[in-house]
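Please read the structure below before turning to the comments.
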Amino acid sequence: MALFAREGSHIPSPTVSAFEVGPFMIHFYALTIMAGIILATYLTERRLVARGAAKGVSIDIIVWAVPFGIIGGRIYHVITDPQLYFAPGRSALDAFKIWEGGLGIWGAVAFGALGAWIGCKRHNVSFLAFADAAAPGLVFAQAIGRWGNWFNNEIYGGPTTLPWKLEIHEMAAGRAVLDAAGDPVVLGYFHPTFLYESLWSLLVGILLLLLDRRQQIGSGGVFALYVAFYTAGRFVIEFMRSDPANLILGLRVNTWVSGLIFTLAVLAYIWRKNYPRSSANPVQDETHHVRH
């Protein structure tokens with residue numbers, strides 16, 4: 001499928017979001033999440049070994065982090081958008097249908113960090129070193145995961161006539177609704193905010209790799225930079241999104257969350273910037289020695 005269609009100059013969206021393999025329904029959203037996890041695991045393993053960890057220990061930690069992250073991401077989504085599951089006419093059981101989309105990044109990061117902390121304690125690895133090692137892979141995984149929203153025809157901005165406008169179909173049960181002529185029903189053309197966030201996440205990941213290679217960033221600082229850079233972009237993109245969301249004082253919940261977490265991340269980076277570079281050895285990494 002061409003990214004830009006010749007006719008009308010727009011980004012097409014898929015008319016199916018899942019396919020069947022025997023008795024199983026495979027959702028593209030789930031496949032993008034899995035692809036992101038695989039890439040993040042590969043990068044984290046290489047980066048944690050470079051920080052002094054034994055080969056394979058990162059996978060032992062990720063086994064804890066991933067399920068915690070998925071559960072946390074879903075909990076955050078359900079809490080911030082409860083009307084999707086508990087309003088009249090809705091089914092609370094739909095809250096468990098993760099494959100239909102809906103993982104809140106900050107719930108995933110918070111619970112994933114808890115799972116990683118448990119894994120680090122069990123395998124005697126510095127949590128801050130793991131966080132620094134995992135940061136670029138995390139944001140690359142987010143870049144891949146946003147393409148799951150493309151398959152679901154979701155996470156888009158306001159209407160636009162720009163050449164890169166995104167075509168959105170009316171979807172039901174994993175397929176585009178068809179009109180009387182048998183053609184997919186097109187709801188309109190919108191800003192591809194899923195793509196904006198994917199590209200921003202890709203840029204952040206590359207920047208983190210370059211900075212960590214060329215600068216002596218203090219323990220925990222790489223993860224703090226990941227959070228600060230990502231939330232800065234997310235803050236802007238939230239103003240562009242047009243999908244329904246709960247508001248606080250006229251702003252989307254995730255706008256407030258992004259602004260708050262950005263501030264905390266910047267403060268964390270400033271606090272840690274004079275510490276030594278993170279080491280997988282917890283005794284060495286938790287030293288209170290500060291560089292001069």
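Residues in the structure tokens are numbered from 1 in each chain, the chains being A, B, ... in the order shown, and ligands are numbered from 1 in the order shown.
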Near segment 125-147 of chain A, 8 Å: segment 182-201 of chain A residue rows, closest pairs, only C-alpha atoms, as a Markdown table:
| residue | atom | partner | partner_atom | distance |
| --- | --- | --- | --- | --- |
| A:Phe194 | CA | A:Arg146 | CA | 5.7 |
| A:Leu195 | CA | A:Arg146 | CA | 7.2 |
| A:Glu197 | CA | A:Ala143 | CA | 7.0 |
| A:Ser198 | CA | A:Ala143 | CA | 4.1 |
| A:Leu199 | CA | A:Ala143 | CA | 6.7 |
| A:Trp200 | CA | A:Ala143 | CA | 7.8 |
| A:Ser201 | CA | A:Ala143 | CA | 5.2 |
If we count only C-alpha atoms and set the cut-off at 7 Å, which residues sit around segment 156-160 of chain A, ignoring sequence neighbours fewer than 3 positions away in its own chain? Please answer as a CSV table (one decimal) with N, CA, C and O atoms, in the first residue's frame.
chain,number,residue,atom,x,y,z
A,165,LYS,N,-2.9,14.7,4.7
A,165,LYS,CA,-4.1,14.5,5.5
A,165,LYS,C,-4.3,13.0,5.6
A,165,LYS,O,-4.0,12.2,4.6
A,189,TYR,N,-11.0,13.6,6.4
A,189,TYR,CA,-9.6,13.7,6.3
A,189,TYR,C,-9.0,14.6,7.4
A,189,TYR,O,-9.5,15.7,7.5
A,190,PHE,N,-8.1,14.1,8.1
A,190,PHE,CA,-7.7,14.7,9.4
A,190,PHE,C,-6.2,14.8,9.5
A,190,PHE,O,-5.4,14.1,8.8
A,191,HIS,N,-5.7,15.6,10.5
A,191,HIS,CA,-4.3,15.6,10.8
A,191,HIS,C,-3.9,14.2,11.3
A,191,HIS,O,-4.5,13.7,12.2
A,192,PRO,N,-2.8,13.6,10.8
A,192,PRO,CA,-2.4,12.3,11.3
A,192,PRO,C,-1.5,12.4,12.6
A,192,PRO,O,-0.3,12.2,12.6
A,193,THR,N,-2.2,12.7,13.7
A,193,THR,CA,-1.5,13.0,14.9
A,193,THR,C,-0.7,11.7,15.4
A,193,THR,O,0.3,11.8,16.1
A,194,PHE,N,-1.2,10.5,15.0
A,194,PHE,CA,-0.5,9.3,15.3
A,194,PHE,C,0.8,9.3,14.7
A,194,PHE,O,1.9,8.9,15.3
A,240,MET,N,-3.6,19.1,19.3
A,240,MET,CA,-4.1,18.9,17.9
A,240,MET,C,-5.1,17.8,17.8
A,240,MET,O,-5.9,17.7,16.8
A,241,ARG,N,-5.2,16.9,18.8
A,241,ARG,CA,-6.1,15.7,18.7
A,241,ARG,C,-7.5,16.1,18.8
A,241,ARG,O,-7.9,17.0,19.6
A,242,SER,N,-8.4,15.4,18.1
A,242,SER,CA,-9.8,15.7,18.1
A,242,SER,C,-10.6,14.6,18.6
A,242,SER,O,-11.9,14.7,18.7
A,243,ASP,N,-10.0,13.4,18.9
A,243,ASP,CA,-10.7,12.3,19.5
A,243,ASP,C,-11.3,12.7,20.9
A,243,ASP,O,-10.7,13.5,21.6
field: helix (DSSP H, G or I) call set, DSSP backbone run, segment 233-275 of chain A, as a list in words
entry: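 Selection result, helix (DSSP H, G or I) within segment 233-275 of chain A: Gly233, Arg234, Phe235, Val236, Ile237, Glu238, Val253, Asn254, Thr255, Trp256, Val257, Ser258, Gly259, Leu260, Ile261, Phe262, Thr263, Leu264, Ala265, Val266, Leu267, Ala268, Tyr269, Ile270, Trp271 and Arg272 of chain A.
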Proximity check segment 4-60 of chain A to segment 93-112 of chain A, 12 Å, nearest pairs one decimal Å, only C-alpha atoms, as a Markdown table:
| residue | atom | partner | partner_atom | distance |
| --- | --- | --- | --- | --- |
| A:Ser17 | CA | A:Glu100 | CA | 9.0 |
| A:Ala18 | CA | A:Trp99 | CA | 9.5 |
| A:Met25 | CA | A:Trp99 | CA | 9.8 |
| A:Ile26 | CA | A:Trp99 | CA | 8.8 |
| A:His27 | CA | A:Trp99 | CA | 6.3 |
| A:Phe28 | CA | A:Trp99 | CA | 8.4 |
| A:Tyr29 | CA | A:Trp99 | CA | 6.3 |
| A:Ala30 | CA | A:Trp99 | CA | 5.8 |
| A:Leu31 | CA | A:Trp99 | CA | 9.5 |
| A:Thr32 | CA | A:Trp99 | CA | 10.7 |
| A:Ile33 | CA | A:Trp99 | CA | 9.8 |
| A:Met34 | CA | A:Trp99 | CA | 11.6 |
- prompt: Please, which residues of segment 35-220 of chain A, numbered as in this document, come out strand (DSSP E) from DSSP, as a ChimeraX atom specification?
  reply: /A:165-169,171-172,175-176,186-190
Selection from above, C-alpha atoms, as a PDB file, in the first residue's frame, can you write it?
ATOM      1  CA  LYS A 165      -4.063  14.465   5.478  1.00  0.00           C
ATOM      2  CA  LEU A 166      -5.154  11.138   6.928  1.00  0.00           C
ATOM      3  CA  GLU A 167      -8.140   9.277   5.528  1.00  0.00           C
ATOM      4  CA  ILE A 168     -10.322   7.853   8.312  1.00  0.00           C
ATOM      5  CA  HIS A 169     -12.917   5.130   7.821  1.00  0.00           C
ATOM      6  CA  MET A 171     -14.889   1.036  11.607  1.00  0.00           C
ATOM      7  CA  ALA A 172     -16.912  -1.728  13.220  1.00  0.00           C
ATOM      8  CA  ARG A 175     -13.437  -3.730   9.456  1.00  0.00           C
ATOM      9  CA  ALA A 176     -14.499  -0.591   7.625  1.00  0.00           C
ATOM     10  CA  VAL A 186     -14.869   7.579   4.763  1.00  0.00           C
ATOM     11  CA  LEU A 187     -15.531   9.870   7.723  1.00  0.00           C
ATOM     12  CA  GLY A 188     -13.172  12.548   6.468  1.00  0.00           C
ATOM     13  CA  TYR A 189      -9.553  13.681   6.270  1.00  0.00           C
ATOM     14  CA  PHE A 190      -7.677  14.734   9.370  1.00  0.00           C
TER      15      PHE A 190
END
query: Counting only C-alpha atoms, which of A:Leu208, A:Arg47, A:Gly218, A:Thr263 gets nearest to Phe235 of chain A?
result: A:Thr263
query: What gap, in Å, lies between atom CA of Gly250 of chain A and atom CA of Arg90 of chain A?
result: 25.1 Å
Who sits within 9 Å of Ala116 of chain A, only C-alpha atoms, same chain under 2 positions skipped, as a PyMOL selection string: chain A and resi 61-66+68+111-114+118-121+127+130-131
